[in-house]
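A.B. asks: Below is the structure I would like to discuss, written out as C-alpha cells.
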Amino acid sequence: MTIATKPETSQRVSQESSIIAGIKYSVVHKIPGRIRLRVPLLAHDPYYAQNLQELLKSDSRILEVRVNFWATSVAIKYQLSSSSDELMQAYLVCLLHEARISQQSTVNSQQLGQTDDAGVKLPAFATLLALLGLGFPIPRVMIAATVAFAALPIAKRAYTSITQKGKLNIDCLDFIAIALTSAQGNLLTPALVMMLHEIGDMIRDRTARVTENHAADLLASLGHYTWIAQADGQKKHVLATDVQPQDTVIVYPGEQIPVDGQILRGKALIDQQKLTGEAMPVLRQVGEAVYASTLVREGEIYIQAERVGMATRAGASIELVQKAPVHDSRMGNYAATIADKAILPALIFSGLVFAATRNPARAASILTLDFVTGIRVSIPTTFLAALHHATRHGVLIRSGRALEKLAQVDTLVFDKTGTLTKGDIEVVEVETVTGRISTQRLLALAAAAEQRLTHPVAEAVVRYANRQNVEILPRQEFVYEIGLGVRAEIDGEQVIVGSDRFLRQCGILLDCLYEPHSCNHADCPKHLNCRISAHDSLLYVAVNQQFQGVIYYTDPLRRESPAVIEKLQTEYGMEIHLLTGDNQQRAIAVAEKLHLPLSQVHAEAFPEQKAEIIQKLHNSGKTVAFTGDGLNDSIALAYADVAISFGSGSEVARETADVVLMDDNLTSFLEAIAIARQTQAVIKQNIGLAVVPNLAALGLATTVGLHPLAATVVHNGSAIAAGLNGLRPLMHKDPPR
C-alpha cells in the first residue's frame, strides 16, 4: 500500500438546521478530519454540554474537542481512516443524541438518590420536636401527631406482612414497642428509635449492589451505532440494536463489531481480547466467522449478520449474567434474621410477664429490649465506614454482602490476560544473526518500518525503540499486509518485518526458526541462541533480502502479580486457580512463573465454561472469588461469591463486579481483604455490645423490674455504643505511601 497525500479542501456549508432524535443542530464548517457543529441546547443545558464533551473526549477516534458555550458550537477534530469522511461526520452527529441519553440516565439516578432521604425526614422532625418539648411549651398533641405520622409506614408494613405473608416481622415488633412507649407518654423514645432505624435502612439501600437497574444497559457494550449496506448501494447509519439477520454490516478500523456473522468482503486484524481473553489479535478473511464485541484494529470488512443482539455470543454472555443468582445485597441482614427468630418469643415472654405482674411497664420494657435496634444501626454504620475506608485504598466495594463474603473467601480464581498479565504487548529483547548487523541498527530499521501502524506488536516495537533512545528513521514507500507484516524502504535499504511465513513468501531464507529442531543451548548449529521461552513470540526482520534477526515480544506479568499471589497463598492460605480463554501453552507459562500447581490451571475456556468451573468450585463447599476484566469474564463474575474487576475493565465486567480495583493494581485487593476481615471482627464486637447490655437489662426487667425509661437508656445506649464502635474504620489513619 503506497501512501499518497492530497491537499485538504475547506468547505463552508449552509447552516440549515436539522434535528436528530429531538436535538437541533447545524453544520457550520467542515473539512476532512474536522467539523464544527452549532447545537443551541449547549447554551441552555450545562449538564448536556458536560456530557457531550466527556462523551466526545472518551472516543478514541476523536483527537480534539473544543466547546464554545457562548456561540453554542462544538469543534471536533478526528482521525482520518479508510472510511469516508461523510460517514465519520454522520457518526459524530449521532453522538449528539447519545449524550442526551446518558444525561437522562444521570438525572434519573440523582432523582432516585433524593427519594432515599424521604423516609428519614419525618422521624428526624419528630425527634427534634420531642427534644424541644422537654424545655419548651410545645403542645404534646402536636408531638404525638408527628410521631404517629412517622410511625404510619411501619404500621403499614407490619399490616401487610401479617395479612399478605401471614408472618410477624421486624416491623411488627417495632410498631408494638412504639405503641406501648407512646401510650405511656414517652414520645422521645419512639421518635428516636424510628429515626435510627430509618438511617440504618437508608445506609443499607444506598450501598446495595446494583443489579437489575444496569442489566438493561449492558447491550451498550455490543456497540452503539453501525453501518449497513443497502440494496441500492447506499450506506445507512443505524443503531446496532436495529440490525436484522442477513443485513450486510460494514465495520471500519477502530470500530467494534456489533453482530455475529461471516465476512463477505475484505479482511481484518481483529482484537478478540474482550470476548476470548486472547492478548494477540487474529486475522479474519472472507468466509470466516467474526463475533460481536470484538474490535477491528486494521482492515475494513463487510459482514453478513447471522445473529444480532442477545442472540450473539456476547449477548448470550450478558443474558447468562442477568440470569445469575442475585444475592440479597442489603447490609445487616443479621437484624432481620434475629428479628424473625426473636419476635414471637419476645411477645410471648412479654405477655407472660404482664400476666404474672399486671405491670404494663415491665411488658413494655421487655419489648423495648429487642436486641435488634443496636444491630440494625451499628452493622450498616460499620459497613459504610469500611466501604469508605476501602475507597481511600482505591477499592470500590459495592455492598455490605460483598464485604462480608470477601472476609470468608478461601479460593481465588484469576483470569490471565489483563488481570495477572498487563494485557499489552511488550518487547522483551532484540537478537541479531551473528556478524551481520548490530541490535541498535536492527531495532532502528524495524521501528521505522512499524511506525504509525495500529497493530499492537508494531506499537510495542516503536515504544521499545523510544525507551532505548533509538532514532526513528523516516519511512519512504511501504506496503503493509494485514496479518503478515510490512515491507518498507528505510534509509536506502529494503526492510521486511513480520512473521516467518511473510519472510518465506518474500523469498528469504531463515537461519533459525521458532520451530522444534535438533538443538541445545550449548552448541546450537544455528546462528541464533534459541533462547525463546514458551510464552514469547517472535517478529522476524530482514534487510535487503537477507534475514538479520528477531524481536522477542510477550504479554508480561503485572509487576505486582508474583508478590500478591505469594502472599495470598502463604499468609492467607488461599487456593489459587488460573482460568483463561487463552491457549494452554501460554497459561502454563504464566502458572509456572507464579508457582501455581498445573492441576489448578484451566485454559481455552469459553465464557460459559468459566461459569461452570466457578460453580463446580462453589458446589464443593468453597467460598470463591473471581477476578477478571473482560466481557468474556462477566458470566464467571456473576456466578462467583465475590466478583472482582478493574476500573479499566469492560463496562459489563465493572457492572457485574462486587469489588472494583479503581487504581488497576492487584495490591489493592490485599488491602480489601484485610479491611473485610477487620470489619468482620468489628461486627462481632458490635453484636456483643448490642446483645449483652440488653440481655442483662432483660434479666432485671423480668425479676425485680426495670422502668421503661431505664430500659430505653440501656437499649439506645447500647445501640449508640455499637454505632460509634462501627465508625472506627473512619478513624484509621493510613500510613504514608
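FYI, nothing fancy with the C-alpha cells labels: chains A, B, ... in order, residues from 1 per chain, ligands from 1 as they appear.
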Residues within 12 Å of A:Ala603, please, as a ChimeraX atom specification. Count only C-alpha atoms; anything in the same chain fewer than 2 positions from it doesn't count.

C.D. replies: /A:276-278,414-417,577-591,598-601,605-607,609-610,613

A.B. asks: Write out the residues from the selection above, keeping C-alpha atoms, as a short mmCIF file (atom, residue, chain, number, x, y, z; two decimals), in the first residue's frame.

C.D. replies:
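This went into out25.cif:
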data_model
loop_
_atom_site.label_atom_id
_atom_site.label_comp_id
_atom_site.auth_asym_id
_atom_site.auth_seq_id
_atom_site.Cartn_x
_atom_site.Cartn_y
_atom_site.Cartn_z
CA THR A 276 -11.96 -14.73 24.44
CA GLY A 277 -9.14 -13.28 26.54
CA GLU A 278 -6.54 -13.69 23.76
CA PHE A 414 -7.83 -15.33 38.33
CA ASP A 415 -8.26 -14.60 34.64
CA LYS A 416 -4.89 -14.33 32.88
CA THR A 417 -4.88 -11.66 30.18
CA HIS A 577 -6.68 -21.10 40.24
CA LEU A 578 -5.83 -19.70 36.78
CA LEU A 579 -8.81 -19.61 34.40
CA THR A 580 -8.37 -18.24 30.86
CA GLY A 581 -9.66 -18.40 27.34
CA ASP A 582 -6.08 -18.22 26.05
CA ASN A 583 -4.21 -21.33 24.87
CA GLN A 584 -2.81 -23.98 27.20
CA GLN A 585 0.85 -23.23 26.44
CA ARG A 586 0.64 -19.57 27.45
CA ALA A 587 -1.47 -20.39 30.51
CA ILE A 588 1.07 -22.94 31.76
CA ALA A 589 3.96 -20.50 31.20
CA VAL A 590 2.23 -17.89 33.40
CA ALA A 591 1.34 -20.51 36.05
CA LEU A 598 -0.75 -27.13 36.93
CA SER A 599 -3.80 -29.01 38.27
CA GLN A 600 -5.29 -25.57 39.05
CA VAL A 601 -4.79 -24.20 35.53
CA ALA A 605 -12.31 -21.92 28.37
CA PHE A 606 -15.28 -20.18 26.73
CA PRO A 607 -17.31 -17.79 28.94
CA GLN A 609 -17.24 -22.92 30.69
CA LYS A 610 -15.68 -20.38 33.05
CA ILE A 613 -15.78 -24.11 36.73
#

A.B. asks: Quick one: residues within 9 Å of A:Lys236, only C-alpha atoms counted, chain neighbours fewer than 3 positions away excluded, as a PyMOL selection string?

C.D. replies: chain A and resi 87+226-230

A.B. asks: I'd like to know which of A:Ala672, A:Ile23, A:Val251, A:Cys94 is closest to A:Leu387, using only C-alpha atoms.

C.D. replies: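 Checking each candidate against A:Leu387, we get A:Ala672 as the closest.
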
A.B. asks: Here is a test: counting only C-alpha atoms, which residue of A:Glu426, A:Asp242, A:Glu671, A:Asp271 is nearest to A:Ala305?

C.D. replies: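 Of the candidates, the smallest distance to A:Ala305 is held by A:Asp242.
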
A.B. asks: Given the choices A:Ile614, A:Leu55, A:Ile425, A:Ala676, which gets closest to A:Ala636 if the distance is worked out from only C-alpha atoms?

C.D. replies: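 Under the stated criterion, the closest residue is A:Ile614.
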
A.B. asks: Need to verify the contact set: stretch 440-456 of chain A, 7 Å, only C-alpha atoms, exclusion of same-chain residues closer than 2 positions in sequence. Can you return it as a PyMOL selection string?

C.D. replies: chain A and resi 297-298+425+437-438+458-462+465+470-475+486+488+490+495+497+541

A.B. asks: Those same residues - N, CA, C and O atoms - I'd like them written as a PDB file, in the first residue's frame.

C.D. replies:
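Listed below is the output, out27.pdb:
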ATOM      1  N   ARG A 297      -8.992  -3.855  14.457  1.00  0.00           N
ATOM      2  CA  ARG A 297      -7.817  -2.988  14.607  1.00  0.00           C
ATOM      3  C   ARG A 297      -7.352  -2.461  13.252  1.00  0.00           C
ATOM      4  O   ARG A 297      -6.980  -1.301  13.127  1.00  0.00           O
ATOM      5  N   GLU A 298      -7.330  -3.326  12.261  1.00  0.00           N
ATOM      6  CA  GLU A 298      -6.887  -2.932  10.919  1.00  0.00           C
ATOM      7  C   GLU A 298      -7.770  -3.621   9.901  1.00  0.00           C
ATOM      8  O   GLU A 298      -8.219  -4.750  10.103  1.00  0.00           O
ATOM      9  N   ILE A 425       1.085  -5.811  24.748  1.00  0.00           N
ATOM     10  CA  ILE A 425       2.308  -6.435  24.231  1.00  0.00           C
ATOM     11  C   ILE A 425       3.519  -5.564  24.560  1.00  0.00           C
ATOM     12  O   ILE A 425       3.472  -4.341  24.430  1.00  0.00           O
ATOM     13  N   ILE A 437      24.567  -7.587  11.616  1.00  0.00           N
ATOM     14  CA  ILE A 437      24.048  -6.252  11.892  1.00  0.00           C
ATOM     15  C   ILE A 437      24.011  -6.064  13.406  1.00  0.00           C
ATOM     16  O   ILE A 437      23.894  -7.033  14.161  1.00  0.00           O
ATOM     17  N   SER A 438      24.105  -4.839  13.863  1.00  0.00           N
ATOM     18  CA  SER A 438      24.028  -4.573  15.303  1.00  0.00           C
ATOM     19  C   SER A 438      22.565  -4.555  15.751  1.00  0.00           C
ATOM     20  O   SER A 438      21.654  -4.286  14.957  1.00  0.00           O
ATOM     21  N   ALA A 458       3.426  -3.739  16.461  1.00  0.00           N
ATOM     22  CA  ALA A 458       4.098  -2.584  15.855  1.00  0.00           C
ATOM     23  C   ALA A 458       4.227  -1.454  16.865  1.00  0.00           C
ATOM     24  O   ALA A 458       5.283  -0.822  17.001  1.00  0.00           O
ATOM     25  N   GLU A 459       3.155  -1.198  17.602  1.00  0.00           N
ATOM     26  CA  GLU A 459       3.192  -0.142  18.614  1.00  0.00           C
ATOM     27  C   GLU A 459       4.212  -0.476  19.704  1.00  0.00           C
ATOM     28  O   GLU A 459       4.916   0.413  20.207  1.00  0.00           O
ATOM     29  N   ALA A 460       4.300  -1.763  20.067  1.00  0.00           N
ATOM     30  CA  ALA A 460       5.252  -2.178  21.100  1.00  0.00           C
ATOM     31  C   ALA A 460       6.695  -1.974  20.641  1.00  0.00           C
ATOM     32  O   ALA A 460       7.556  -1.557  21.430  1.00  0.00           O
ATOM     33  N   VAL A 461       6.980  -2.258  19.374  1.00  0.00           N
ATOM     34  CA  VAL A 461       8.335  -2.085  18.835  1.00  0.00           C
ATOM     35  C   VAL A 461       8.731  -0.610  18.865  1.00  0.00           C
ATOM     36  O   VAL A 461       9.849  -0.260  19.272  1.00  0.00           O
ATOM     37  N   VAL A 462       7.808   0.256  18.479  1.00  0.00           N
ATOM     38  CA  VAL A 462       8.105   1.699  18.474  1.00  0.00           C
ATOM     39  C   VAL A 462       8.316   2.192  19.903  1.00  0.00           C
ATOM     40  O   VAL A 462       9.236   2.977  20.173  1.00  0.00           O
ATOM     41  N   ALA A 465      11.737   1.089  21.068  1.00  0.00           N
ATOM     42  CA  ALA A 465      12.802   1.882  20.433  1.00  0.00           C
ATOM     43  C   ALA A 465      12.930   3.244  21.103  1.00  0.00           C
ATOM     44  O   ALA A 465      14.050   3.733  21.338  1.00  0.00           O
ATOM     45  N   VAL A 470      16.457   5.095  20.596  1.00  0.00           N
ATOM     46  CA  VAL A 470      16.818   4.817  19.208  1.00  0.00           C
ATOM     47  C   VAL A 470      16.056   5.788  18.306  1.00  0.00           C
ATOM     48  O   VAL A 470      14.841   5.969  18.449  1.00  0.00           O
ATOM     49  N   GLU A 471      16.758   6.406  17.388  1.00  0.00           N
ATOM     50  CA  GLU A 471      16.126   7.358  16.471  1.00  0.00           C
ATOM     51  C   GLU A 471      15.205   6.615  15.490  1.00  0.00           C
ATOM     52  O   GLU A 471      15.600   5.623  14.880  1.00  0.00           O
ATOM     53  N   ILE A 472      13.961   7.090  15.388  1.00  0.00           N
ATOM     54  CA  ILE A 472      13.009   6.510  14.439  1.00  0.00           C
ATOM     55  C   ILE A 472      13.251   7.160  13.078  1.00  0.00           C
ATOM     56  O   ILE A 472      12.966   8.345  12.874  1.00  0.00           O
ATOM     57  N   LEU A 473      13.805   6.399  12.151  1.00  0.00           N
ATOM     58  CA  LEU A 473      14.165   6.934  10.833  1.00  0.00           C
ATOM     59  C   LEU A 473      12.921   7.195   9.997  1.00  0.00           C
ATOM     60  O   LEU A 473      11.873   6.564  10.206  1.00  0.00           O
ATOM     61  N   PRO A 474      12.989   8.100   9.041  1.00  0.00           N
ATOM     62  CA  PRO A 474      11.833   8.335   8.161  1.00  0.00           C
ATOM     63  C   PRO A 474      11.569   7.120   7.274  1.00  0.00           C
ATOM     64  O   PRO A 474      12.495   6.405   6.882  1.00  0.00           O
ATOM     65  N   ARG A 475      10.301   6.904   6.978  1.00  0.00           N
ATOM     66  CA  ARG A 475       9.893   5.768   6.148  1.00  0.00           C
ATOM     67  C   ARG A 475       9.429   6.278   4.791  1.00  0.00           C
ATOM     68  O   ARG A 475       8.593   7.166   4.711  1.00  0.00           O
ATOM     69  N   VAL A 486       5.115  -5.935   7.111  1.00  0.00           N
ATOM     70  CA  VAL A 486       5.280  -4.717   6.335  1.00  0.00           C
ATOM     71  C   VAL A 486       6.612  -4.760   5.583  1.00  0.00           C
ATOM     72  O   VAL A 486       7.618  -5.258   6.090  1.00  0.00           O
ATOM     73  N   ALA A 488       9.152  -2.040   3.618  1.00  0.00           N
ATOM     74  CA  ALA A 488       9.332  -0.590   3.538  1.00  0.00           C
ATOM     75  C   ALA A 488      10.750  -0.246   3.113  1.00  0.00           C
ATOM     76  O   ALA A 488      11.690  -1.025   3.323  1.00  0.00           O
ATOM     77  N   ILE A 490      13.730   2.052   3.972  1.00  0.00           N
ATOM     78  CA  ILE A 490      14.225   2.838   5.110  1.00  0.00           C
ATOM     79  C   ILE A 490      15.697   3.152   4.886  1.00  0.00           C
ATOM     80  O   ILE A 490      16.516   2.230   4.723  1.00  0.00           O
ATOM     81  N   VAL A 495      13.539  -3.068   3.865  1.00  0.00           N
ATOM     82  CA  VAL A 495      13.337  -3.709   5.168  1.00  0.00           C
ATOM     83  C   VAL A 495      12.015  -4.474   5.162  1.00  0.00           C
ATOM     84  O   VAL A 495      10.993  -3.965   4.698  1.00  0.00           O
ATOM     85  N   VAL A 497       9.576  -6.659   7.854  1.00  0.00           N
ATOM     86  CA  VAL A 497       9.320  -7.004   9.253  1.00  0.00           C
ATOM     87  C   VAL A 497       7.985  -7.738   9.328  1.00  0.00           C
ATOM     88  O   VAL A 497       6.975  -7.256   8.802  1.00  0.00           O
ATOM     89  N   VAL A 541      12.977 -10.017  11.133  1.00  0.00           N
ATOM     90  CA  VAL A 541      13.435  -8.823  10.418  1.00  0.00           C
ATOM     91  C   VAL A 541      14.449  -9.230   9.354  1.00  0.00           C
ATOM     92  O   VAL A 541      15.400  -9.976   9.632  1.00  0.00           O
TER      93      VAL A 541
END

A.B. asks: If you run DSSP over the backbone, which residues in stretch 614-706 of chain A end up strand (DSSP E or B)? Put them as a list of chain:residue names.

C.D. replies: A:Val624, A:Ala625, A:Phe626, A:Thr627, A:Val642, A:Ala643, A:Ile644, A:Ser645, A:Phe646, A:Val659, A:Val660, A:Leu661

A.B. asks: So which one's closest to A:Ala657, A:Thr570, A:Val413, A:Glu489, A:Arg398? Using only C-alpha atoms, please.

C.D. replies: A:Arg398

A.B. asks: Taking 6 positions as the minimum chain separation for residues in the same chain, which residues sit within 12 Å of A:Ile257 when counting only C-alpha atoms? Answer as a short mmCIF file (atom, residue, chain, number, x, y, z; two decimals) with N, CA and C atoms, in the first residue's frame.

C.D. replies:
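The file below, out_14.cif, is the result:
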data_model
loop_
_atom_site.label_atom_id
_atom_site.label_comp_id
_atom_site.auth_asym_id
_atom_site.auth_seq_id
_atom_site.Cartn_x
_atom_site.Cartn_y
_atom_site.Cartn_z
N SER A 221 -22.55 -2.49 25.44
CA SER A 221 -21.20 -2.99 25.22
C SER A 221 -21.04 -3.65 23.87
N LEU A 222 -22.15 -3.91 23.16
CA LEU A 222 -22.06 -4.52 21.84
C LEU A 222 -21.91 -3.49 20.73
N GLY A 223 -21.77 -2.22 21.10
CA GLY A 223 -21.62 -1.17 20.09
C GLY A 223 -22.89 -0.35 19.98
N HIS A 224 -22.76 0.95 19.81
CA HIS A 224 -23.93 1.82 19.79
C HIS A 224 -24.52 1.97 18.38
N TYR A 225 -23.68 2.27 17.43
CA TYR A 225 -24.14 2.51 16.06
C TYR A 225 -23.30 1.68 15.09
N THR A 226 -23.84 1.45 13.90
CA THR A 226 -23.10 0.71 12.89
C THR A 226 -23.60 1.11 11.51
N TRP A 227 -22.85 0.71 10.48
CA TRP A 227 -23.21 0.99 9.10
C TRP A 227 -23.71 -0.30 8.44
N ILE A 228 -24.79 -0.18 7.67
CA ILE A 228 -25.26 -1.32 6.89
C ILE A 228 -25.34 -0.92 5.42
N ALA A 240 -27.07 -0.22 16.55
CA ALA A 240 -26.66 -1.62 16.45
C ALA A 240 -27.82 -2.56 16.78
N VAL A 243 -30.09 -3.70 13.73
CA VAL A 243 -29.60 -4.58 12.65
C VAL A 243 -30.40 -5.88 12.66
N VAL A 249 -23.35 -5.75 7.21
CA VAL A 249 -22.81 -4.75 8.15
C VAL A 249 -21.39 -4.40 7.73
N ILE A 250 -21.08 -3.11 7.72
CA ILE A 250 -19.75 -2.63 7.36
C ILE A 250 -19.04 -2.18 8.63
N VAL A 251 -17.82 -2.69 8.84
CA VAL A 251 -17.05 -2.31 10.03
C VAL A 251 -15.71 -1.76 9.58
N ILE A 263 -17.65 -13.06 7.14
CA ILE A 263 -17.10 -11.98 6.32
C ILE A 263 -17.44 -12.25 4.85
N ALA A 268 -9.47 -8.43 7.97
CA ALA A 268 -9.18 -7.51 9.08
C ALA A 268 -8.42 -8.22 10.18
N LEU A 269 -7.66 -7.42 10.90
CA LEU A 269 -7.00 -7.90 12.10
C LEU A 269 -7.92 -7.56 13.27
N ILE A 270 -8.37 -8.59 13.99
CA ILE A 270 -9.43 -8.41 14.98
C ILE A 270 -8.92 -8.71 16.38
N ASP A 271 -9.17 -7.77 17.29
CA ASP A 271 -8.82 -7.92 18.70
C ASP A 271 -9.99 -8.59 19.41
N GLN A 272 -9.78 -9.84 19.86
CA GLN A 272 -10.85 -10.61 20.50
C GLN A 272 -10.67 -10.70 22.01
N LYS A 274 -11.63 -8.97 24.57
CA LYS A 274 -12.81 -8.80 25.42
C LYS A 274 -13.69 -10.04 25.42
N LEU A 275 -13.67 -10.80 24.32
CA LEU A 275 -14.56 -11.95 24.22
C LEU A 275 -13.88 -13.25 24.62
N ALA A 289 -15.72 -16.64 10.44
CA ALA A 289 -16.69 -16.09 11.39
C ALA A 289 -16.06 -14.98 12.23
N VAL A 290 -16.87 -13.98 12.54
CA VAL A 290 -16.47 -12.92 13.47
C VAL A 290 -17.61 -12.75 14.48
N TYR A 291 -17.28 -12.12 15.62
CA TYR A 291 -18.24 -12.07 16.71
C TYR A 291 -18.42 -10.66 17.25
N ALA A 292 -19.63 -10.41 17.74
CA ALA A 292 -19.95 -9.12 18.35
C ALA A 292 -19.06 -8.85 19.54
N SER A 293 -18.79 -7.56 19.78
CA SER A 293 -17.98 -7.03 20.89
C SER A 293 -16.49 -7.10 20.62
N THR A 294 -16.06 -7.74 19.51
CA THR A 294 -14.64 -7.73 19.16
C THR A 294 -14.33 -6.47 18.35
N LEU A 295 -13.05 -6.11 18.29
CA LEU A 295 -12.64 -4.83 17.73
C LEU A 295 -11.81 -5.01 16.47
N VAL A 296 -12.15 -4.28 15.41
CA VAL A 296 -11.35 -4.29 14.18
C VAL A 296 -10.21 -3.31 14.35
N ARG A 297 -8.99 -3.85 14.46
CA ARG A 297 -7.82 -2.99 14.61
C ARG A 297 -7.35 -2.46 13.25
N GLU A 300 -10.92 -3.39 6.68
CA GLU A 300 -12.33 -3.00 6.51
C GLU A 300 -13.08 -4.22 6.01
N ILE A 301 -14.15 -4.60 6.69
CA ILE A 301 -14.85 -5.84 6.34
C ILE A 301 -16.35 -5.61 6.19
N TYR A 302 -16.94 -6.41 5.30
CA TYR A 302 -18.39 -6.48 5.12
C TYR A 302 -18.84 -7.82 5.71
N ILE A 303 -19.79 -7.79 6.63
CA ILE A 303 -20.21 -8.99 7.36
C ILE A 303 -21.69 -9.26 7.08
N GLN A 304 -22.00 -10.50 6.78
CA GLN A 304 -23.41 -10.89 6.71
C GLN A 304 -23.86 -11.27 8.11
N ALA A 305 -24.79 -10.49 8.66
CA ALA A 305 -25.24 -10.72 10.02
C ALA A 305 -26.01 -12.03 10.13
N ARG A 307 -26.41 -13.50 13.67
CA ARG A 307 -27.05 -13.36 14.98
C ARG A 307 -26.85 -11.93 15.46
N VAL A 308 -27.90 -11.34 16.02
CA VAL A 308 -27.85 -9.95 16.47
C VAL A 308 -28.33 -9.87 17.91
N GLY A 309 -27.96 -8.77 18.59
CA GLY A 309 -28.45 -8.51 19.94
C GLY A 309 -28.13 -9.63 20.90
N THR A 312 -26.32 -13.04 19.89
CA THR A 312 -24.89 -13.17 19.64
C THR A 312 -24.21 -13.87 20.81
N ARG A 313 -22.96 -14.28 20.58
CA ARG A 313 -22.23 -14.93 21.66
C ARG A 313 -22.04 -13.97 22.83
N ALA A 314 -21.74 -12.71 22.53
CA ALA A 314 -21.59 -11.72 23.60
C ALA A 314 -22.93 -11.48 24.29
#

A.B. asks: Step one, run DSSP on the backbone; step two, keep only residues of stretch 605-646 of chain A assigned to helix (DSSP H, G or I); then write them as an MDAnalysis selection string.

C.D. replies: chainID A and resid 607:619 631:639

A.B. asks: Write the residues of the selection above to a file with C-alpha atoms, as a compact mmCIF listing (two decimals), in the first residue's frame.

C.D. replies:
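Saved as part-v5.txt:
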# COMPACT_ATOMS: atom_id res chain seq x y z
CA PRO A 607 -17.31 -17.79 28.94
CA GLU A 608 -19.97 -20.39 29.82
CA GLN A 609 -17.24 -22.92 30.69
CA LYS A 610 -15.68 -20.38 33.05
CA ALA A 611 -19.01 -20.12 34.87
CA GLU A 612 -19.23 -23.94 35.11
CA ILE A 613 -15.78 -24.11 36.73
CA ILE A 614 -16.73 -21.40 39.24
CA GLN A 615 -19.96 -23.24 40.10
CA LYS A 616 -18.08 -26.53 40.49
CA LEU A 617 -15.69 -24.96 42.99
CA HIS A 618 -18.59 -23.35 44.83
CA ASN A 619 -20.54 -26.62 44.99
CA LEU A 631 -16.78 -9.33 28.63
CA ASN A 632 -15.67 -12.97 28.43
CA ASP A 633 -15.26 -12.92 32.23
CA SER A 634 -18.69 -11.46 33.02
CA ILE A 635 -20.53 -14.79 33.43
CA ALA A 636 -17.89 -16.16 35.80
CA LEU A 637 -18.01 -12.85 37.70
CA ALA A 638 -21.79 -13.15 38.05
CA TYR A 639 -21.63 -16.69 39.45

A.B. asks: Neighbours of A:Tyr159 within 12 Å (only C-alpha atoms; same-chain residues fewer than 3 positions away dropped), as a PyMOL selection string?

C.D. replies: chain A and resi 152-156+162-173+175-176

A.B. asks: From the set A:Leu724, A:Ala643, A:Val141, A:Ile673, which residue has the shortest atom-to-atom contact distance to A:Ala690, counting only C-alpha atoms?

C.D. replies: A:Leu724

A.B. asks: So that I can check the surroundings of A:Ala130, please list as a list of chain:residue names every protein, DNA and RNA residue that reaches within 8 Å of it, counting only C-alpha atoms and ignoring chain neighbours fewer than 2 positions away.

C.D. replies: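 My reading of the contact set: A:Ala126, A:Thr127, A:Leu128, A:Leu132, A:Gly133, A:Leu134, A:Ile143, A:Leu187, A:Leu188, A:Ala191.
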
A.B. asks: Take atom CA of A:Leu596 and atom CA of A:Val624 and report the distance between them in Å, one decimal.

C.D. replies: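 Interatomic distance here is 17.0 Å.
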
A.B. asks: Would you list the contacts of stretch 505-510 of chain A as a PyMOL selection string, taking every protein, DNA or RNA residue within 12 Å and counting only C-alpha atoms, but skipping same-chain residues closer than 4 positions in sequence?

C.D. replies: chain A and resi 433+481+484-487+494-501+514-515+526-528+540-550

A.B. asks: Give me, please, the distance in Å between atom CA of A:Ser561 and atom CA of A:Glu431, quoted to one decimal.

C.D. replies: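 These two atoms are separated by 27.6 Å.
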
A.B. asks: Quick one: pull the distance between atom CA of A:Asn686 and atom CA of A:Arg728, Å, one decimal.

C.D. replies: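 One can read the atom CA of A:Asn686 to atom CA of A:Arg728 distance as 11.4 Å.
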